[in-house]
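Asks: Hey, dropping final.cif in here, mmCIF, C-alpha atoms:
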```cif
data_work
loop_
_atom_site.label_atom_id
_atom_site.label_comp_id
_atom_site.auth_asym_id
_atom_site.auth_seq_id
_atom_site.Cartn_x
_atom_site.Cartn_y
_atom_site.Cartn_z
CA MET A 8 133.42 116.94 124.73
CA SER A 9 133.79 113.36 125.94
CA LYS A 10 135.95 112.87 128.97
CA PRO A 11 138.83 110.38 128.93
CA PHE A 12 137.88 106.97 130.29
CA ASN A 13 140.20 105.80 133.05
CA PHE A 14 140.87 102.10 133.49
CA LYS A 15 143.13 100.56 136.15
CA GLN A 16 146.27 100.47 134.00
CA PHE A 17 145.55 102.86 131.13
CA THR A 18 143.45 105.84 130.03
CA VAL A 19 141.47 106.12 126.81
CA LYS A 20 140.78 109.49 125.23
CA GLN A 21 137.64 109.33 123.08
CA ASP A 22 136.65 112.88 122.10
CA GLN A 23 137.67 112.32 118.43
CA CYS A 24 135.90 108.96 118.06
CA ALA A 25 132.33 108.51 116.90
CA MET A 26 131.95 105.37 119.00
CA LYS A 27 132.66 105.95 122.68
CA ILE A 28 133.79 103.36 125.21
CA GLY A 29 130.91 100.96 125.78
CA THR A 30 130.14 97.77 127.64
CA ASP A 31 130.44 95.68 124.46
CA SER A 32 134.12 96.52 123.95
CA VAL A 33 135.04 95.97 127.58
CA ILE A 34 133.27 92.60 127.67
CA LEU A 35 134.89 91.48 124.40
CA GLY A 36 138.37 92.63 125.42
CA ALA A 37 138.11 90.77 128.73
CA TRP A 38 136.40 87.67 127.26
CA ALA A 39 138.66 87.03 124.25
CA ASN A 40 140.55 83.76 124.64
CA ILE A 41 144.30 84.19 125.19
CA THR A 42 144.93 80.77 126.71
CA LYS A 43 147.46 80.02 123.99
CA GLN A 44 149.26 83.38 124.59
CA PRO A 45 149.23 84.85 121.07
CA PHE A 46 152.40 86.24 119.52
CA ALA A 47 150.54 88.60 117.15
CA THR A 48 147.04 90.10 117.49
CA LEU A 49 144.93 92.30 115.23
CA ASP A 50 142.01 94.57 116.16
CA ILE A 51 139.85 95.35 113.10
CA GLY A 52 138.07 98.71 113.33
CA ALA A 53 139.99 99.84 116.40
CA GLY A 54 138.24 103.12 117.25
CA THR A 55 139.85 104.35 120.46
CA GLY A 56 142.16 101.31 120.55
CA ILE A 57 140.55 99.91 123.69
CA LEU A 58 140.58 96.25 122.56
CA SER A 59 144.29 96.33 121.72
CA LEU A 60 145.06 98.06 125.02
CA MET A 61 143.13 95.38 126.91
CA LEU A 62 144.98 92.63 125.03
CA ALA A 63 148.29 94.35 125.80
CA GLN A 64 147.40 94.32 129.51
CA ARG A 65 146.22 90.70 129.46
CA SER A 66 148.85 89.06 127.25
CA ASN A 67 152.53 88.98 126.36
CA ALA A 68 151.81 89.34 122.63
CA GLU A 69 154.79 91.02 120.98
CA VAL A 70 152.85 92.34 117.99
CA ILE A 71 149.55 94.09 118.76
CA ASP A 72 148.25 95.68 115.57
CA ALA A 73 145.11 97.74 115.09
CA LEU A 74 143.33 98.90 111.95
CA GLU A 75 141.20 102.05 111.70
CA ILE A 76 139.80 103.73 108.57
CA ASP A 77 138.46 106.97 110.11
CA GLU A 78 141.23 109.58 110.29
CA ASN A 79 140.18 111.19 113.58
CA ALA A 80 139.71 107.83 115.29
CA TYR A 81 143.06 106.63 113.89
CA GLU A 82 144.87 109.66 115.34
CA GLN A 83 143.18 109.17 118.69
CA CYS A 84 144.04 105.46 118.71
CA VAL A 85 147.72 106.29 118.10
CA GLU A 86 147.58 108.89 120.89
CA ASN A 87 146.09 106.34 123.30
CA PHE A 88 148.71 103.76 122.34
CA GLU A 89 151.56 106.24 122.85
CA ALA A 90 150.26 107.17 126.31
CA SER A 91 150.02 103.54 127.46
CA PRO A 92 152.59 101.38 129.30
CA TRP A 93 152.76 99.06 126.25
CA ARG A 94 153.49 101.63 123.51
CA ASP A 95 156.39 99.55 122.15
CA ARG A 96 154.06 96.64 121.32
CA LEU A 97 151.13 98.60 119.89
CA PHE A 98 150.75 99.84 116.32
CA CYS A 99 147.77 101.26 114.42
CA TYR A 100 147.40 101.21 110.62
CA HIS A 101 145.32 103.88 108.88
CA ALA A 102 143.75 101.82 106.10
CA ASP A 103 140.58 100.07 105.10
CA LEU A 104 140.23 96.35 105.62
CA ALA A 105 140.31 95.30 101.95
CA GLU A 106 143.50 97.26 101.29
CA PHE A 107 145.13 95.97 104.47
CA THR A 108 144.19 92.33 103.77
CA GLU A 109 145.60 92.54 100.27
CA GLU A 110 148.90 94.19 101.21
CA ILE A 111 149.89 92.77 104.60
CA GLU A 112 152.06 89.67 104.53
CA ASP A 113 151.76 88.85 108.23
CA LYS A 114 149.14 86.59 109.72
CA TYR A 115 147.74 86.73 113.25
CA ASP A 116 147.22 84.27 116.11
CA LEU A 117 144.26 86.25 117.43
CA ILE A 118 141.94 88.63 115.58
CA ILE A 119 139.39 90.64 117.52
CA CYS A 120 136.60 92.89 116.25
CA ASN A 121 133.68 94.85 117.67
CA PRO A 122 132.05 95.47 114.28
CA PRO A 123 129.51 98.13 113.24
CA PHE A 124 126.08 96.75 114.04
CA TYR A 125 123.15 98.59 112.66
CA SER A 126 122.00 97.01 109.43
CA GLU A 127 118.60 98.75 109.69
CA ASN A 128 117.90 101.41 107.07
CA TYR A 129 118.42 104.25 109.49
CA LYS A 130 120.94 107.05 109.23
CA THR A 131 121.69 110.10 111.34
CA GLU A 132 123.09 113.44 110.26
CA ASN A 133 126.49 112.52 111.72
CA THR A 134 128.43 110.81 108.92
CA GLN A 135 131.36 109.84 111.16
CA ARG A 136 129.06 108.18 113.69
CA ASP A 137 127.17 106.43 110.90
CA LEU A 138 130.42 105.04 109.52
CA ALA A 139 131.30 103.66 112.95
CA ARG A 140 127.86 102.23 113.66
CA PHE A 141 126.38 100.98 110.42
CA GLN A 142 127.11 97.57 109.07
CA ASP A 143 127.49 98.84 105.50
CA ALA A 144 130.80 100.37 106.61
CA MET A 145 132.07 96.82 107.19
CA PRO A 146 129.59 94.15 106.06
CA PHE A 147 129.89 90.82 107.88
CA ASN A 148 130.81 88.94 104.70
CA HIS A 149 133.69 91.36 104.04
CA LEU A 150 134.86 91.02 107.66
CA ILE A 151 134.69 87.21 107.68
CA ASP A 152 136.44 86.88 104.32
CA SER A 153 139.32 89.10 105.51
CA VAL A 154 139.60 87.27 108.84
CA SER A 155 139.92 83.94 106.99
CA LYS A 156 142.89 85.36 105.05
CA LEU A 157 144.61 87.09 107.99
CA LEU A 158 144.30 84.30 110.58
CA ILE A 159 146.97 81.62 111.02
CA GLU A 160 145.80 78.03 110.59
CA ASP A 161 145.59 77.49 114.34
CA GLY A 162 144.42 81.04 115.13
CA THR A 163 141.34 82.38 116.90
CA PHE A 164 138.80 85.05 115.95
CA CYS A 165 136.67 86.73 118.63
CA THR A 166 133.80 89.14 118.07
CA ILE A 167 130.62 90.54 119.62
CA ILE A 168 127.46 91.02 117.58
CA PRO A 169 123.71 91.46 118.14
CA PHE A 170 122.13 88.13 119.08
CA LYS A 171 119.74 88.39 116.12
CA GLU A 172 122.75 88.37 113.74
CA GLU A 173 124.35 85.23 115.24
CA ASP A 174 123.03 82.67 112.75
CA LYS A 175 123.86 84.92 109.80
CA LEU A 176 127.47 85.37 110.93
CA ILE A 177 127.97 81.64 111.58
CA THR A 178 126.56 80.80 108.12
CA LEU A 179 128.90 83.30 106.43
CA ALA A 180 131.86 81.96 108.43
CA SER A 181 131.16 78.34 107.47
CA ALA A 182 131.69 79.28 103.80
CA VAL A 183 135.36 80.07 104.59
CA ASN A 184 135.76 77.12 107.02
CA LEU A 185 135.58 79.23 110.18
CA LYS A 186 133.66 77.37 112.86
CA PRO A 187 132.24 78.57 116.20
CA ASN A 188 134.00 77.02 119.20
CA LYS A 189 132.46 79.07 122.00
CA ILE A 190 129.42 81.34 122.26
CA THR A 191 128.44 83.47 125.24
CA HIS A 192 124.99 85.05 125.20
CA VAL A 193 124.84 88.39 127.03
CA ARG A 194 121.78 89.60 128.93
CA GLY A 195 121.45 92.90 130.77
CA THR A 196 119.55 91.22 133.62
CA LEU A 197 118.29 87.70 134.31
CA ASN A 198 114.84 88.42 132.91
CA SER A 199 115.83 90.56 129.93
CA GLU A 200 116.20 89.14 126.44
CA ILE A 201 119.57 88.09 125.03
CA LYS A 202 121.12 91.23 123.58
CA ARG A 203 124.58 90.22 122.33
CA SER A 204 126.50 87.15 121.22
CA LEU A 205 130.20 86.81 121.98
CA ILE A 206 131.57 84.35 119.44
CA GLU A 207 134.95 82.63 119.30
CA MET A 208 135.80 81.02 115.96
CA SER A 209 138.66 79.09 114.43
CA PHE A 210 139.38 76.67 111.58
CA ARG A 211 139.14 73.84 114.16
CA GLU A 212 136.06 71.66 114.42
CA SER A 213 134.91 71.26 118.03
CA ASP A 214 131.85 70.98 120.20
CA ILE A 215 130.44 74.47 120.69
CA LYS A 216 130.58 75.62 124.30
CA ILE A 217 127.53 77.82 124.92
CA ASN A 218 126.97 79.79 128.11
CA GLU A 219 125.43 83.03 129.37
CA LEU A 220 126.70 86.23 130.92
CA ILE A 221 124.25 88.37 132.88
CA ILE A 222 125.54 91.87 133.58
CA GLU A 223 123.35 93.14 136.43
CA ASN A 224 121.12 91.76 139.16
CA ALA A 225 119.54 95.22 139.36
CA ARG A 226 120.57 98.74 138.34
CA HIS A 227 124.30 99.16 139.21
CA ASP A 228 124.24 95.87 141.15
CA TYR A 229 126.59 93.81 139.00
CA THR A 230 126.65 90.02 138.95
CA LYS A 231 129.67 88.13 140.29
CA GLU A 232 130.39 86.77 136.78
CA TYR A 233 130.49 90.27 135.29
CA ILE A 234 132.68 91.61 138.11
CA ASP A 235 135.08 88.66 137.77
CA LEU A 236 135.31 89.25 134.01
CA THR A 237 135.97 93.01 134.16
CA LYS A 238 137.59 93.70 137.54
CA GLU A 239 141.13 93.88 136.10
CA PHE A 240 139.99 96.92 134.08
CA TYR A 241 137.19 98.92 135.70
CA LEU A 242 138.35 101.22 138.52
CA LYS A 243 135.32 100.55 140.72
CA MET A 244 135.05 96.78 140.34
#
```
Any chance you could give the structure as structure tokens?

Replies:
Amino acid sequence: MSKPFNFKQFTVKQDQCAMKIGTDSVILGAWANITKQPFATLDIGAGTGILSLMLAQRSNAEVIDALEIDENAYEQCVENFEASPWRDRLFCYHADLAEFTEEIEDKYDLIICNPPFYSENYKTENTQRDLARFQDAMPFNHLIDSVSKLLIEDGTFCTIIPFKEEDKLITLASAVNLKPNKITHVRGTLNSEIKRSLIEMSFRESDIKINELIIENARHDYTKEYIDLTKEFYLKM
């Protein structure tokens, strides 16, 4: 049984979720741009609810919605929301993305998503974990199309994907007029290959700001940039 994950201002239970708390979610939740202080945010594929909880801690957004299709993960997300200091601003919908996009009338200032990654033809015996991890549960084109319909004209979309998928996602997004404004390439260490791409998109045309985030100098010796990014959340930072 997975233990709850304690952050500085909230705790996340994760025993009912196929995808446990990982570095990707924490980086994305801390990195997502809230400079314009969004009124309404949406987390697509919420899992434990960690991204919405991080946004609740970081922002004054009055509407913080999450969307989760898996029943066990949905129930756990609701439980984590209810146990948090921001329960009155957090709400999780139990629905799939197509249904939600079609029925919801609201639009969002900020949409955030840590999507399923693995597009390789590889499956495990754990159906719930496969649903959380495999891209066929939420193909990029389906995600991007829904984001384009749910985002306000001046809104922002933030996601984290494997570096090798970056060009594909940007090409799909361009078909619905979503353009990359900022990209951060994530490396485990200085000499390791780029593993992830953090991408911020909007309907606005701009020069793309590209930078790098290196997580560790050596094992458990975190870089100053990574500590500065995550110290409001991790207990030991």

Asks: Which of these, A:Gln21, A:Thr48, A:Ser66, A:His101, has the shortest distance to Glu86 (chain A) once you count all atoms listed in the file?

Replies: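 Among A:Gln21, A:Thr48, A:Ser66, A:His101, it is A:Gln21 that comes nearest to Glu86 (chain A).
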
Asks: Apply the PyMOL selection byres ((chain A and resi 196) around 8) to the structure shown and report the selected residues as JSON, numbers by chain.

Replies: {"A": [194, 195, 197, 198, 199, 221, 222, 223, 224, 225]}

Asks: Could you list the residues chosen by the PyMOL selection byres ((chain A and resi 185) around 10) in this structure as a VMD selection string?

Replies: chain A and resid 151 to 152 154 to 155 163 to 164 177 to 184 186 to 188 207 to 212

Asks: Quick one: of A:Phe107, A:Tyr241, A:Phe88, A:Phe98, who's nearest to Ala47 (chain A), counting only C-alpha atoms?

Replies: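 Looking only at the distances to Ala47 (chain A), the closest residue turns out to be A:Phe98.
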
Asks: Provide the CA of Met244 (chain A) to CA of His227 (chain A) distance in Å, to one decimal place.

Replies: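 If I compute the distance from CA of Met244 (chain A) to CA of His227 (chain A), I get 11.1 Å.
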
Asks: Please report the interatomic distance between CA of Phe170 (chain A) and CA of Asp228 (chain A) in Å with one decimal.

Replies: 23.5 Å

Asks: At a cut-off of 7 Å, using all atoms listed in the file, what residues contact region 102-104 of chain A? Leave out same-chain residues fewer than 6 positions from it and give the result as a short mmCIF file (atom, residue, chain, number, x, y, z; two decimals) with C-alpha atoms, in the coordinates of the input.

Replies:
```cif
data_model
loop_
_atom_site.label_atom_id
_atom_site.label_comp_id
_atom_site.auth_asym_id
_atom_site.auth_seq_id
_atom_site.Cartn_x
_atom_site.Cartn_y
_atom_site.Cartn_z
CA LEU A 74 143.33 98.90 111.95
CA GLU A 75 141.20 102.05 111.70
CA ILE A 76 139.80 103.73 108.57
#
```

Asks: Exactly which residues make up the result of the PyMOL selection byres ((chain A and resi 192) around 7) on this file, given as an MDAnalysis selection string?

Replies: chainID A and resid 190:191 193:194 201 203:205 218:220

Asks: What's the 9 Å shell around Asp31 (chain A), counting only C-alpha atoms, without same-chain residues fewer than 6 positions away, as a PyMOL selection string?

Replies: chain A and resi 121+167-168+203

Asks: Give me the residues of region 46-112 of chain A that have any atom at most 8 Å from an atom of region 35-38 of chain A; for each, the nearest atom pair and the distance in Å, rounded to one decimal. Use all atoms listed in the file, sort by chain and number, and format it as JSON lines.

Replies:
```
{"residue": "A:Ile57", "atom": "CA", "partner": "A:Gly36", "partner_atom": "CA", "distance": 7.8}
{"residue": "A:Leu58", "atom": "CA", "partner": "A:Gly36", "partner_atom": "CA", "distance": 5.1}
{"residue": "A:Ser59", "atom": "CA", "partner": "A:Gly36", "partner_atom": "CA", "distance": 7.9}
{"residue": "A:Met61", "atom": "CA", "partner": "A:Gly36", "partner_atom": "CA", "distance": 5.7}
{"residue": "A:Leu62", "atom": "CA", "partner": "A:Gly36", "partner_atom": "CA", "distance": 6.6}
```

Asks: Any chance you could export the current selection's C-alpha atoms as a PDB file, in the frame of the given file?

Replies:
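Saved the output as again25.pdb:
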```pdb
ATOM      1  CA  ILE A  57     140.550  99.910 123.690  1.00  0.00           C
ATOM      2  CA  LEU A  58     140.580  96.250 122.560  1.00  0.00           C
ATOM      3  CA  SER A  59     144.290  96.330 121.720  1.00  0.00           C
ATOM      4  CA  MET A  61     143.130  95.380 126.910  1.00  0.00           C
ATOM      5  CA  LEU A  62     144.980  92.630 125.030  1.00  0.00           C
TER       6      LEU A  62
END
```

Asks: Here is a test: counting only C-alpha atoms, which residue of A:Ser153, A:Asn40, A:Asn79, A:Thr230 is nearest to Glu110 (chain A)?

Replies: A:Ser153

Asks: What does the distance between CA of Phe147 (chain A) and CA of Ala68 (chain A) come to in Å, to one decimal place?

Replies: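 These atoms are spaced 26.5 Å apart.
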
Asks: Skipping near chain neighbours, those fewer than 4 positions away, what residues fall within 9 Å of Ser91 (chain A) using all atoms listed in the file, listed as a list of chain:residue names?

Replies: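 Final neighbour list, sorted by chain and number: A:Gln16, A:Phe17, A:Thr18, A:Val19, A:Leu60, A:Glu86, A:Asn87.
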
Asks: Measuring between all atoms listed in the file, which one of A:Asp72, A:Glu89, A:Asp22, A:Glu109 shows the shortest distance to Ile51 (chain A)?

Replies: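 The closest residue to Ile51 (chain A) is A:Asp72.
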
Asks: Counting all atoms listed in the file, which of A:Ile41, A:Leu236, A:Ile215, A:Ala53 gets nearest to Arg65 (chain A)?

Replies: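 Between A:Ile41, A:Leu236, A:Ile215, A:Ala53, the residue approaching Arg65 (chain A) most closely is A:Ile41.
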
Asks: Kindly indicate which residue among A:Gly56, A:Pro146, A:Pro169, A:Gly29 lies nearest to Leu97 (chain A), using all atoms listed in the file for the distances.

Replies: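 Using all atoms listed in the file, Leu97 (chain A) sits closest to A:Gly56.
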
Asks: Using only C-alpha atoms, find all polymer residues with an atom at most 9 Å away from the point (144.4, 111.1, 117.7); report them as an NGL selection string.

Replies: :A and (20-21 or 23-24 or 55 or 78-87)
